[in-house]
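Colleague: Data: coords08.csv, CSV, C-alpha atoms and all ligand atoms.
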```
chain,number,residue,atom,x,y,z
A,21,MET,CA,-48.1,-20.5,2.6
A,22,HIS,CA,-45.1,-20.5,4.9
A,23,ALA,CA,-45.5,-20.7,8.7
A,24,PRO,CA,-45.5,-17.1,9.8
A,25,ASP,CA,-42.9,-17.9,12.4
A,26,LEU,CA,-40.2,-18.2,9.7
A,27,GLN,CA,-40.5,-14.6,8.7
A,28,LEU,CA,-38.0,-11.9,9.7
A,29,PRO,CA,-37.8,-8.2,8.8
A,30,GLY,CA,-35.7,-7.3,5.8
A,31,MET,CA,-32.2,-6.2,6.8
A,32,PRO,CA,-31.0,-2.7,5.9
A,33,ASN,CA,-27.5,-2.5,4.5
A,34,ILE,CA,-26.4,1.0,5.6
A,35,HIS,CA,-23.0,1.3,4.0
A,36,SER,CA,-21.9,0.2,0.5
A,37,HIS,CA,-19.6,1.3,-2.2
A,38,ALA,CA,-21.0,-0.7,-5.1
A,39,PHE,CA,-18.0,-0.6,-7.5
A,40,GLN,CA,-15.7,-2.2,-4.9
A,41,ARG,CA,-17.6,-5.5,-5.3
A,42,ALA,CA,-15.7,-6.0,-8.6
A,43,MET,CA,-12.3,-5.9,-6.8
A,44,ALA,CA,-13.3,-8.3,-3.9
A,45,GLY,CA,-10.5,-10.9,-3.6
A,46,LEU,CA,-8.2,-9.0,-5.8
A,47,ALA,CA,-6.3,-7.1,-3.1
A,48,GLU,CA,-5.2,-9.9,-0.9
A,49,ARG,CA,-1.6,-10.4,-2.0
A,50,HIS,CA,1.4,-9.1,0.1
A,51,LYS,CA,2.9,-6.3,-2.0
A,52,ASN,CA,4.5,-3.9,0.4
A,53,PRO,CA,6.4,-4.3,3.6
A,54,THR,CA,3.8,-2.1,5.3
A,55,ASP,CA,0.5,-3.3,3.7
A,56,SER,CA,-2.3,-1.4,5.4
A,57,PHE,CA,-5.6,0.4,4.8
A,58,TRP,CA,-3.6,3.1,3.0
A,59,THR,CA,-1.9,0.8,0.5
A,60,TRP,CA,-5.2,-1.0,-0.1
A,61,ARG,CA,-6.7,2.5,-0.8
A,62,GLU,CA,-4.2,3.1,-3.6
A,63,GLN,CA,-5.1,-0.2,-5.2
A,64,MET,CA,-8.8,0.7,-4.9
A,65,TYR,CA,-8.2,4.2,-6.5
A,66,ARG,CA,-6.5,2.5,-9.5
A,67,PHE,CA,-9.5,0.2,-9.9
A,68,ALA,CA,-12.0,3.1,-9.4
A,69,GLY,CA,-10.3,4.9,-12.3
A,70,ARG,CA,-11.5,2.3,-14.8
A,71,ILE,CA,-15.2,2.4,-13.8
A,72,THR,CA,-17.5,3.9,-16.4
A,73,PRO,CA,-21.3,4.6,-15.9
A,74,GLU,CA,-22.0,1.4,-17.9
A,75,ALA,CA,-19.6,-0.7,-15.7
A,76,GLN,CA,-21.1,0.9,-12.6
A,77,TYR,CA,-24.5,-0.3,-13.6
A,78,ASP,CA,-23.5,-3.8,-14.4
A,79,ILE,CA,-21.5,-4.2,-11.1
A,80,ALA,CA,-24.3,-2.6,-9.0
A,81,ALA,CA,-27.0,-4.8,-10.6
A,82,GLN,CA,-25.0,-7.9,-9.9
A,83,LEU,CA,-24.3,-6.7,-6.3
A,84,TYR,CA,-27.9,-5.9,-5.6
A,85,VAL,CA,-29.1,-9.3,-6.8
A,86,GLU,CA,-26.6,-10.8,-4.3
A,87,MET,CA,-27.7,-8.4,-1.6
A,88,LEU,CA,-31.4,-9.3,-2.1
A,89,GLU,CA,-30.6,-13.0,-2.1
A,90,ALA,CA,-28.7,-12.5,1.2
A,91,GLY,CA,-31.7,-10.8,2.8
A,92,TYR,CA,-30.8,-7.1,2.4
A,93,THR,CA,-33.9,-5.2,1.4
A,94,CYS,CA,-32.5,-1.7,1.3
A,95,VAL,CA,-29.0,-0.3,0.6
A,96,CYS,CA,-27.3,3.0,1.5
A,97,GLU,CA,-24.9,3.8,-1.3
A,98,PHE,CA,-22.1,6.0,-0.1
A,99,HIS,CA,-21.4,7.3,-3.6
A,100,TYR,CA,-18.3,9.4,-4.4
A,101,LEU,CA,-17.4,8.1,-7.9
A,102,HIS,CA,-19.0,11.1,-9.6
A,103,HIS,CA,-17.0,12.3,-12.6
A,104,GLN,CA,-14.9,11.1,-15.5
A,105,PRO,CA,-11.4,9.8,-14.5
A,106,GLY,CA,-9.7,13.1,-15.0
A,107,GLY,CA,-12.3,15.0,-12.9
A,108,GLN,CA,-14.4,16.3,-15.8
A,109,PRO,CA,-18.1,16.0,-15.1
A,110,TYR,CA,-20.0,13.7,-17.5
A,111,ALA,CA,-22.5,15.3,-19.9
A,112,ASP,CA,-25.1,14.2,-17.4
A,113,PRO,CA,-23.5,15.3,-14.2
A,114,ALA,CA,-25.4,12.6,-12.3
A,115,ALA,CA,-24.5,9.8,-14.8
A,116,MET,CA,-22.9,7.6,-12.1
A,117,SER,CA,-25.7,8.2,-9.7
A,118,HIS,CA,-28.2,7.3,-12.4
A,119,ALA,CA,-26.4,4.0,-13.0
A,120,LEU,CA,-27.0,3.1,-9.3
A,121,ILE,CA,-30.6,4.2,-9.4
A,122,ARG,CA,-31.3,2.1,-12.5
A,123,ALA,CA,-29.6,-0.9,-11.0
A,124,ALA,CA,-31.7,-0.6,-7.9
A,125,ARG,CA,-34.9,-0.2,-9.8
A,126,ASP,CA,-34.1,-3.1,-12.2
A,127,THR,CA,-33.4,-5.5,-9.3
A,128,GLY,CA,-36.0,-4.3,-6.9
A,129,ILE,CA,-33.9,-3.3,-3.9
A,130,ARG,CA,-34.7,-0.1,-2.0
A,131,LEU,CA,-32.0,2.5,-2.4
A,132,THR,CA,-31.0,5.4,-0.1
A,133,LEU,CA,-28.5,7.2,-2.3
A,134,LEU,CA,-26.0,9.3,-0.5
A,135,PRO,CA,-24.1,11.5,-3.0
A,136,VAL,CA,-20.8,12.2,-1.2
A,137,LEU,CA,-19.1,15.6,-0.8
A,138,TYR,CA,-15.4,15.1,-1.2
A,139,MET,CA,-13.2,18.3,-1.4
A,140,THR,CA,-9.8,17.9,0.1
A,141,GLY,CA,-7.0,15.3,0.4
A,142,GLY,CA,-6.4,15.7,4.1
A,143,PHE,CA,-7.1,17.7,7.3
A,144,ASP,CA,-4.6,20.3,6.1
A,145,GLY,CA,-6.9,21.2,3.2
A,146,ARG,CA,-4.5,19.9,0.5
A,147,PRO,CA,-6.1,19.5,-3.0
A,148,LEU,CA,-7.3,16.2,-4.2
A,149,SER,CA,-4.7,13.9,-5.7
A,150,GLU,CA,-5.0,13.0,-9.4
A,151,ARG,CA,-6.7,9.8,-8.6
A,152,GLN,CA,-9.2,11.5,-6.2
A,153,ARG,CA,-10.2,14.1,-8.8
A,154,ARG,CA,-13.2,12.3,-10.1
A,155,PHE,CA,-14.7,12.3,-6.5
A,156,GLY,CA,-14.6,16.1,-6.1
A,157,HIS,CA,-17.2,18.9,-6.0
A,158,GLU,CA,-17.5,22.5,-4.9
A,159,VAL,CA,-20.4,23.0,-2.5
A,160,GLU,CA,-22.6,24.7,-5.0
A,161,ASP,CA,-22.2,21.9,-7.6
A,162,TYR,CA,-22.8,19.4,-4.9
A,163,LEU,CA,-26.0,21.0,-3.8
A,164,ASP,CA,-27.1,21.1,-7.4
A,165,LEU,CA,-26.5,17.4,-7.7
A,166,VAL,CA,-28.5,16.7,-4.5
A,167,SER,CA,-31.5,18.7,-5.6
A,168,LEU,CA,-31.4,17.2,-9.1
A,169,LEU,CA,-31.5,13.7,-7.6
A,170,GLN,CA,-34.1,14.6,-5.0
A,171,ARG,CA,-36.6,15.2,-7.9
A,172,GLU,CA,-36.3,11.5,-8.6
A,173,GLU,CA,-37.3,10.3,-5.2
A,174,ASP,CA,-40.1,7.8,-4.9
A,175,ASP,CA,-41.4,5.2,-2.4
A,176,ARG,CA,-38.2,3.1,-2.9
A,177,LEU,CA,-35.6,5.8,-3.5
A,178,LYS,CA,-34.5,8.3,-0.9
A,179,ILE,CA,-31.7,10.8,-1.4
A,180,GLY,CA,-29.6,11.7,1.6
A,181,ILE,CA,-26.3,13.5,1.9
A,182,ALA,CA,-22.8,12.4,2.9
A,183,PHE,CA,-19.5,14.0,3.9
A,184,HIS,CA,-16.7,11.7,2.9
A,185,SER,CA,-14.9,12.3,6.2
A,186,LEU,CA,-13.5,15.2,8.2
A,187,ARG,CA,-10.3,15.0,6.3
A,188,ALA,CA,-12.1,15.4,3.0
A,189,VAL,CA,-14.6,18.3,3.8
A,190,PRO,CA,-13.6,21.6,5.4
A,191,GLU,CA,-15.7,22.7,8.4
A,192,LEU,CA,-17.1,25.8,6.6
A,193,SER,CA,-18.3,23.6,3.6
A,194,MET,CA,-20.0,21.2,6.0
A,195,ARG,CA,-21.8,24.1,7.5
A,196,GLU,CA,-22.9,25.5,4.1
A,197,VAL,CA,-24.4,22.1,3.2
A,198,LEU,CA,-26.2,21.6,6.5
A,199,ASP,CA,-27.6,25.2,6.4
A,200,GLU,CA,-29.1,24.4,3.0
A,201,ILE,CA,-30.8,21.1,4.1
A,202,GLY,CA,-31.9,22.8,7.4
A,203,LYS,CA,-34.0,20.6,9.6
A,204,ASP,CA,-35.2,18.3,6.8
A,205,ARG,CA,-35.3,14.6,7.7
A,206,THR,CA,-32.6,14.0,5.2
A,207,PRO,CA,-30.2,11.1,6.2
A,208,ILE,CA,-26.6,12.5,6.8
A,209,HIS,CA,-23.8,10.0,6.7
A,210,ILE,CA,-20.0,10.4,7.3
A,211,HIS,CA,-17.0,8.1,7.6
A,212,ILE,CA,-15.4,8.7,11.0
A,213,ALA,CA,-12.5,7.4,13.0
A,214,GLU,CA,-11.9,4.3,11.0
A,215,GLN,CA,-8.1,4.5,11.1
A,216,LEU,CA,-5.6,5.5,13.9
A,217,ALA,CA,-3.7,7.7,11.4
A,218,GLU,CA,-6.9,9.7,10.8
A,219,VAL,CA,-7.4,10.2,14.6
A,220,ASP,CA,-3.7,11.3,15.0
A,221,GLU,CA,-4.0,13.8,12.1
A,222,CYS,CA,-7.2,15.2,13.5
A,223,LYS,CA,-5.6,15.7,16.9
A,224,ALA,CA,-2.6,17.4,15.4
A,225,LEU,CA,-4.6,19.8,13.2
A,226,ARG,CA,-7.9,20.3,15.1
A,227,GLY,CA,-6.7,19.7,18.6
A,228,CYS,CA,-9.1,16.8,19.3
A,229,ARG,CA,-10.3,13.4,18.1
A,230,PRO,CA,-12.7,13.1,15.1
A,231,ILE,CA,-15.8,12.0,16.9
A,232,GLU,CA,-15.1,14.5,19.7
A,233,TRP,CA,-14.8,17.2,17.1
A,234,LEU,CA,-18.0,16.2,15.3
A,235,LEU,CA,-20.1,16.2,18.4
A,236,ALA,CA,-18.7,19.6,19.5
A,237,ASN,CA,-19.1,21.3,16.2
A,238,MET,CA,-21.9,19.7,14.2
A,239,PRO,CA,-25.6,19.3,15.0
A,240,VAL,CA,-25.4,15.5,15.3
A,241,ASP,CA,-28.8,14.0,15.9
A,242,ASP,CA,-30.9,11.0,14.9
A,243,ARG,CA,-30.5,11.9,11.2
A,244,TRP,CA,-26.8,11.1,11.4
A,245,THR,CA,-25.0,7.9,10.7
A,246,LEU,CA,-21.4,7.6,11.8
A,247,VAL,CA,-19.7,5.0,9.6
A,248,HIS,CA,-17.1,2.8,11.5
A,249,ALA,CA,-16.6,5.1,14.6
A,250,THR,CA,-14.0,2.3,15.3
A,251,HIS,CA,-11.6,4.4,17.4
A,252,ILE,CA,-14.1,5.8,20.0
A,253,THR,CA,-13.5,6.8,23.6
A,254,PRO,CA,-16.1,6.1,26.4
A,255,ALA,CA,-17.0,9.8,26.5
A,256,GLU,CA,-17.4,9.9,22.7
A,257,ALA,CA,-19.6,6.8,22.8
A,258,ASN,CA,-21.7,8.4,25.4
A,259,GLY,CA,-22.1,11.5,23.3
A,260,VAL,CA,-23.1,9.5,20.2
A,261,ALA,CA,-25.6,7.5,22.1
A,262,GLU,CA,-27.2,10.6,23.7
A,263,ARG,CA,-27.6,12.2,20.3
A,264,LYS,CA,-29.4,9.0,19.1
A,265,ALA,CA,-27.1,8.9,16.0
A,266,ILE,CA,-26.5,5.5,14.4
A,267,VAL,CA,-23.1,3.8,14.2
A,268,ALA,CA,-22.6,1.9,11.0
A,269,LEU,CA,-20.5,-1.2,11.7
A,270,CYS,CA,-19.0,-3.1,8.7
A,271,PRO,CA,-17.4,-6.1,10.4
A,272,THR,CA,-16.1,-8.0,7.4
A,273,THR,CA,-14.6,-4.9,5.7
A,274,GLU,CA,-13.2,-3.6,9.0
A,275,ALA,CA,-11.6,-7.0,9.6
A,276,ASN,CA,-10.4,-7.2,6.0
A,277,LEU,CA,-8.8,-3.7,6.2
A,278,GLY,CA,-7.4,-4.2,9.7
A,279,ASP,CA,-9.3,-1.2,11.1
A,280,GLY,CA,-9.9,-2.4,14.7
A,281,LEU,CA,-12.8,-3.3,16.9
A,282,PHE,CA,-15.7,-1.1,18.1
A,283,PRO,CA,-16.6,-1.4,21.8
A,284,LEU,CA,-20.0,-3.1,21.2
A,285,ARG,CA,-21.0,-4.1,24.7
A,286,GLU,CA,-20.1,-0.7,26.2
A,287,PHE,CA,-22.1,1.0,23.4
A,288,PHE,CA,-25.2,-1.2,24.0
A,289,ASP,CA,-24.9,-0.5,27.8
A,290,LEU,CA,-25.3,3.2,26.8
A,291,ASP,CA,-28.4,2.4,24.6
A,292,GLY,CA,-26.3,3.2,21.6
A,293,ARG,CA,-27.8,2.5,18.2
A,294,ILE,CA,-26.1,0.5,15.4
A,295,GLY,CA,-26.7,-0.9,11.9
A,296,ILE,CA,-24.6,-3.0,9.6
A,297,GLY,CA,-23.0,-2.3,6.2
A,298,SER,CA,-21.2,-4.4,3.6
A,299,ASP,CA,-19.0,-1.4,2.8
A,300,SER,CA,-16.3,-2.7,0.4
A,301,ASN,CA,-18.6,-5.7,-0.5
A,302,VAL,CA,-15.8,-8.2,0.1
A,303,SER,CA,-18.7,-10.1,1.6
A,304,VAL,CA,-22.4,-9.8,0.8
A,305,SER,CA,-24.1,-11.5,3.7
A,306,ALA,CA,-26.1,-10.1,6.5
A,307,VAL,CA,-25.4,-13.3,8.4
A,308,GLU,CA,-21.6,-13.0,8.1
A,309,GLU,CA,-21.7,-9.4,9.2
A,310,LEU,CA,-23.7,-10.2,12.3
A,311,ARG,CA,-21.6,-13.3,13.1
A,312,TRP,CA,-18.3,-11.3,12.8
A,313,LEU,CA,-19.8,-8.5,14.8
A,314,GLU,CA,-20.1,-11.0,17.7
A,315,TYR,CA,-17.0,-13.2,17.0
A,316,GLY,CA,-14.6,-10.2,16.9
A,317,GLN,CA,-15.8,-9.2,20.4
A,318,ARG,CA,-15.4,-12.8,21.7
A,319,LEU,CA,-11.9,-13.1,20.4
A,320,ILE,CA,-10.8,-9.9,22.1
A,321,THR,CA,-12.6,-10.3,25.4
A,322,HIS,CA,-12.2,-14.1,25.8
A,323,GLU,CA,-15.9,-14.2,26.7
A,324,ARG,CA,-19.1,-15.4,25.0
A,325,ALA,CA,-22.5,-13.7,24.3
A,326,ILE,CA,-21.3,-10.1,24.0
A,327,GLY,CA,-23.9,-8.6,21.7
A,328,ILE,CA,-26.8,-8.7,24.1
A,329,THR,CA,-28.8,-6.3,26.3
A,330,ILE,CA,-30.5,-6.7,29.6
A,331,ALA,CA,-33.8,-7.2,27.9
A,332,GLU,CA,-32.6,-9.6,25.2
A,333,PRO,CA,-30.2,-12.4,26.1
A,334,SER,CA,-30.3,-14.1,22.6
A,335,VAL,CA,-27.2,-12.8,20.7
A,336,GLY,CA,-28.8,-13.6,17.3
A,337,ARG,CA,-32.1,-11.9,18.1
A,338,CYS,CA,-30.5,-8.9,19.9
A,339,LEU,CA,-28.0,-8.2,17.0
A,340,PHE,CA,-30.7,-8.8,14.4
A,341,GLU,CA,-33.3,-6.6,16.0
A,342,GLN,CA,-30.8,-3.8,16.9
A,343,THR,CA,-29.4,-3.7,13.4
A,344,VAL,CA,-32.8,-3.7,11.7
A,345,ALA,CA,-34.1,-0.9,14.0
A,346,GLY,CA,-30.9,1.2,13.6
A,347,GLY,CA,-30.9,0.4,9.8
A,348,LEU,CA,-34.4,1.7,9.3
A,349,GLN,CA,-33.5,4.9,11.1
A,350,SER,CA,-30.3,5.3,9.0
A,351,CYS,CA,-32.0,4.7,5.6
A,352,GLY,CA,-34.8,7.1,6.3
A,353,GLN,CA,-37.4,5.1,4.3
A,354,PRO,CA,-40.7,4.7,6.2
A,355,ALA,CA,-42.3,2.0,4.0
A,356,GLN,CA,-39.2,-0.2,4.6
A,357,ALA,CA,-40.6,-1.5,7.9
A,358,GLU,CA,-42.9,-3.8,5.9
A,359,ASP,CA,-40.1,-5.5,3.9
A,360,ARG,CA,-39.4,-9.0,5.0
A,361,ILE,CA,-37.6,-12.3,4.4
A,362,VAL,CA,-39.0,-15.8,4.7
A,363,LEU,CA,-36.6,-18.5,5.8
A,364,ASP,CA,-36.6,-22.0,4.3
A,365,PRO,CA,-38.7,-24.5,6.2
A,366,ASP,CA,-36.9,-27.4,4.5
A,367,ALA,CA,-33.4,-26.3,5.6
A,368,PRO,CA,-31.9,-28.9,8.0
A,369,ALA,CA,-30.4,-26.0,10.0
A,370,LEU,CA,-33.9,-24.8,10.9
A,371,PHE,CA,-35.5,-28.2,11.7
A,372,GLY,CA,-37.5,-27.8,14.9
A,373,ALA,CA,-36.8,-24.1,15.1
A,374,THR,CA,-38.9,-22.0,17.5
A,375,ARG,CA,-39.4,-18.2,17.7
A,376,ASP,CA,-37.0,-18.4,20.7
A,377,ASP,CA,-34.0,-19.8,18.8
A,378,LEU,CA,-34.8,-18.8,15.2
A,379,HIS,CA,-32.5,-15.8,15.1
A,380,ASP,CA,-29.6,-17.6,16.7
A,381,ARG,CA,-29.9,-20.5,14.2
A,382,PHE,CA,-30.1,-18.0,11.3
A,383,VAL,CA,-27.0,-16.1,12.4
A,384,PHE,CA,-24.8,-18.9,13.8
A,385,GLY,CA,-26.2,-22.1,12.1
A,386,GLY,CA,-23.9,-22.6,9.1
A,387,ASN,CA,-23.1,-21.3,5.7
A,388,ARG,CA,-25.8,-22.5,3.4
A,389,SER,CA,-28.3,-19.7,2.7
A,390,LEU,CA,-31.4,-20.2,4.7
A,391,ILE,CA,-33.4,-17.5,2.8
A,392,ARG,CA,-36.2,-18.7,0.6
A,393,GLU,CA,-38.1,-15.5,-0.2
A,394,VAL,CA,-37.5,-11.8,0.0
A,395,HIS,CA,-40.3,-9.2,-0.2
A,396,VAL,CA,-39.6,-5.5,-0.9
A,397,GLY,CA,-42.5,-3.0,-0.9
A,398,GLY,CA,-45.0,-5.8,-1.2
A,399,LYS,CA,-43.3,-7.4,-4.2
A,400,VAL,CA,-41.4,-10.7,-4.3
A,401,ALA,CA,-37.8,-9.9,-5.1
A,402,VAL,CA,-36.4,-13.4,-4.4
A,403,ARG,CA,-38.3,-16.7,-4.8
A,404,ASP,CA,-36.9,-20.1,-4.0
A,405,GLY,CA,-33.7,-18.5,-3.0
A,406,ARG,CA,-33.1,-16.9,-6.4
A,407,HIS,CA,-33.6,-13.5,-7.9
A,408,PRO,CA,-35.6,-14.0,-11.2
A,409,ARG,CA,-33.0,-12.1,-13.2
A,410,ARG,CA,-29.9,-13.7,-11.6
A,411,ASP,CA,-28.5,-15.4,-14.8
A,412,GLU,CA,-29.1,-12.5,-17.2
A,413,ILE,CA,-27.5,-10.0,-14.8
A,414,ALA,CA,-24.6,-12.2,-14.1
A,415,ALA,CA,-23.9,-12.6,-17.8
A,416,ALA,CA,-23.6,-8.8,-18.3
A,417,TYR,CA,-21.4,-8.6,-15.2
A,418,ARG,CA,-19.1,-11.3,-16.5
A,419,LYS,CA,-18.5,-9.3,-19.7
A,420,THR,CA,-17.9,-6.1,-17.7
A,421,LEU,CA,-15.6,-7.7,-15.2
A,422,THR,CA,-13.6,-9.4,-18.0
A,423,HIS,CA,-13.2,-6.1,-19.7
A,424,LEU,CA,-12.1,-4.3,-16.4
A,425,LEU,CA,-9.6,-7.0,-15.6
A,426,ALA,CA,-8.1,-6.8,-19.1
A,427,GLN,CA,-7.2,-3.1,-18.4
A,428,ALA,CA,-5.2,-4.0,-15.3
A,501,ZN,ZN,-16.9,3.3,3.3
```
Once more with this new file: its structure as structure tokens, please.

Modeller:
Amino acid sequence: MHAPDLQLPGMPNIHSHAFQRAMAGLAERHKNPTDSFWTWREQMYRFAGRITPEAQYDIAAQLYVEMLEAGYTCVCEFHYLHHQPGGQPYADPAAMSHALIRAARDTGIRLTLLPVLYMTGGFDGRPLSERQRRFGHEVEDYLDLVSLLQREEDDRLKIGIAFHSLRAVPELSMREVLDEIGKDRTPIHIHIAEQLAEVDECKALRGCRPIEWLLANMPVDDRWTLVHATHITPAEANGVAERKAIVALCPTTEANLGDGLFPLREFFDLDGRIGIGSDSNVSVSAVEELRWLEYGQRLITHERAIGITIAEPSVGRCLFEQTVAGGLQSCGQPAQAEDRIVLDPDAPALFGATRDDLHDRFVFGGNRSLIREVHVGGKVAVRDGRHPRRDEIAAAYRKTLTHLLAQA
């Protein structure tokens, strides 16, 4: 038995695009005089074009093993890779979703699957580009997909909904979907205000900023998760906090893509709620997300200890507890509160740890994994730091990745 004081709650990962794990580290070369989020997106689209349901399964299974070993016990998949590359649905219109569900079941991670509605290529309503066609749905087909998937829900699988972004879903279509789900406790996720170009386009075509528009026009409440919300004004932050919506922060991806920094301290001062996501999966580590969440703020403010509240002066504990609580709300899975991780009592970085400094040591104490066990839904998913199927799943992933890279 481990000392009970080395246990922590499992960490929810509230924003992931599984397939992007396979391109981590492959988009880091200077290629364009104006390398940006938008040039990265073109590379990502080219890569996405090669993913089959079989590849999706192998990548997701590998990713979920890594997530479990890193202490993530639930993942929200923001899933828009629905159809065949040309845009034709698969014979099973949920084939790509089913690959994610199987990967989650085979590895033991909890999954909140968010099939994404993606309809237009910009705020002006332009059609999807050729590379975006496999993401697209009409509202009716989208609702069919959601209800088909909802029939498969169980105590570890929750189906939510997602709008890709304001630029990708017209207002009327958002309303049609929301009317259909009514007041259900369905999680609702949306990418919002990640990039300045998106804010400028929204202002030009809708006369206001994206978060401002969302708060004024949609029934944003505690079912909603606003992914990134990077470019947020004080008034918008106040509105989001008042509605008790979650902001999903993805510090390693936001840093990797040059998005910008969210005003964390100001949002905490408003009692705002946050969770963390691994997003592009360029890093699969709750520790690294939390650490970057704090370090980004220190670098810009020239101060220390930013991620705190009046009630909680320990940065590690404050960030950990805030992101677990926000994450549980965002995932919408009640049984998840029992999931936990057990830290390694033999790790030198934890020698002499007390309940007072445990979270700070875990978050700031180095790079060796300090996680010994992970429990999901009462079952052991990781023992002695390893997932029991790690080698077998990595062997399948190696084959798939080799094949994908050969097509480049
Ligand atoms: Zn995303």

Colleague: Compute the set of protein, DNA and RNA residues whose minimum atom distance to ligand ZN 501 (chain A) is at most 10 Å, using only C-alpha atoms and all ligand atoms, and state it as a list in words.

Modeller: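 For ligand ZN 501 (chain A), the residues inside 10 Å are His35, Ser36, His37, Gln40, Glu97, Phe98, His99, Tyr100, His184, Ser185, Ile210, His211, Ile212, Glu214, Val247, His248, Ala268, Cys270, Thr273, Glu274, Gly297, Ser298, Asp299, Ser300 and Asn301 of chain A.
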
Colleague: I'd like to know which of A:Asp55, A:Glu323, A:Glu160, A:Glu89 is closest to Arg403 in chain A, using all atoms listed in the file.

Modeller: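 Once distances to Arg403 in chain A are computed over all atoms listed in the file, the minimum belongs to A:Glu89.
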
Colleague: May I have the residues within 6 Å of range 378-388 of chain A as a list in words, using all atoms listed in the file and disregarding those fewer than 6 positions away in the same chain?

Modeller: Val307, Gly336 and Arg337 of chain A

Colleague: Find the distance between CA of Val344 in chain A and CA of Ile34 in chain A and write it in Å to one decimal.

Modeller: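 Computed distance, CA of Val344 in chain A to CA of Ile34 in chain A, equals 10.0 Å.
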
Colleague: With distances taken over only C-alpha atoms, which of A:Arg130, A:His423, A:Arg66, A:His209 is nearest to Met31 in chain A?

Modeller: A:Arg130

Colleague: Hey, could you patch up range 187-198 of chain A with N, CA, C and O atoms and hand it over as a CSV table (one decimal), keeping the file's coordinate frame?

Modeller:
```
chain,number,residue,atom,x,y,z
A,187,ARG,N,-11.5,14.6,7.0
A,187,ARG,CA,-10.3,15.0,6.3
A,187,ARG,C,-10.6,15.5,4.9
A,187,ARG,O,-9.8,16.1,4.2
A,188,ALA,N,-11.8,15.1,4.4
A,188,ALA,CA,-12.1,15.4,3.0
A,188,ALA,C,-13.1,16.6,2.8
A,188,ALA,O,-13.4,17.0,1.7
A,189,VAL,N,-13.6,17.1,3.9
A,189,VAL,CA,-14.6,18.3,3.8
A,189,VAL,C,-14.2,19.3,4.9
A,189,VAL,O,-14.3,19.0,6.1
A,190,PRO,N,-13.9,20.5,4.4
A,190,PRO,CA,-13.6,21.6,5.4
A,190,PRO,C,-14.8,21.9,6.3
A,190,PRO,O,-16.0,21.8,5.8
A,191,GLU,N,-14.6,22.4,7.5
A,191,GLU,CA,-15.7,22.7,8.4
A,191,GLU,C,-16.7,23.7,7.8
A,191,GLU,O,-17.9,23.5,7.8
A,192,LEU,N,-16.2,24.7,7.1
A,192,LEU,CA,-17.1,25.8,6.6
A,192,LEU,C,-18.0,25.1,5.5
A,192,LEU,O,-19.2,25.5,5.4
A,193,SER,N,-17.5,24.2,4.7
A,193,SER,CA,-18.3,23.6,3.6
A,193,SER,C,-19.4,22.7,4.2
A,193,SER,O,-20.5,22.6,3.8
A,194,MET,N,-19.0,22.0,5.3
A,194,MET,CA,-20.0,21.2,6.0
A,194,MET,C,-21.2,22.1,6.5
A,194,MET,O,-22.3,21.7,6.3
A,195,ARG,N,-20.8,23.2,7.0
A,195,ARG,CA,-21.8,24.1,7.5
A,195,ARG,C,-22.7,24.6,6.4
A,195,ARG,O,-24.0,24.7,6.6
A,196,GLU,N,-22.1,25.0,5.3
A,196,GLU,CA,-22.9,25.5,4.1
A,196,GLU,C,-23.9,24.4,3.7
A,196,GLU,O,-25.1,24.7,3.4
A,197,VAL,N,-23.5,23.2,3.6
A,197,VAL,CA,-24.4,22.1,3.2
A,197,VAL,C,-25.5,21.9,4.2
A,197,VAL,O,-26.7,21.8,3.9
A,198,LEU,N,-25.2,21.9,5.5
A,198,LEU,CA,-26.2,21.6,6.5
A,198,LEU,C,-27.2,22.8,6.6
A,198,LEU,O,-28.4,22.6,6.8
```
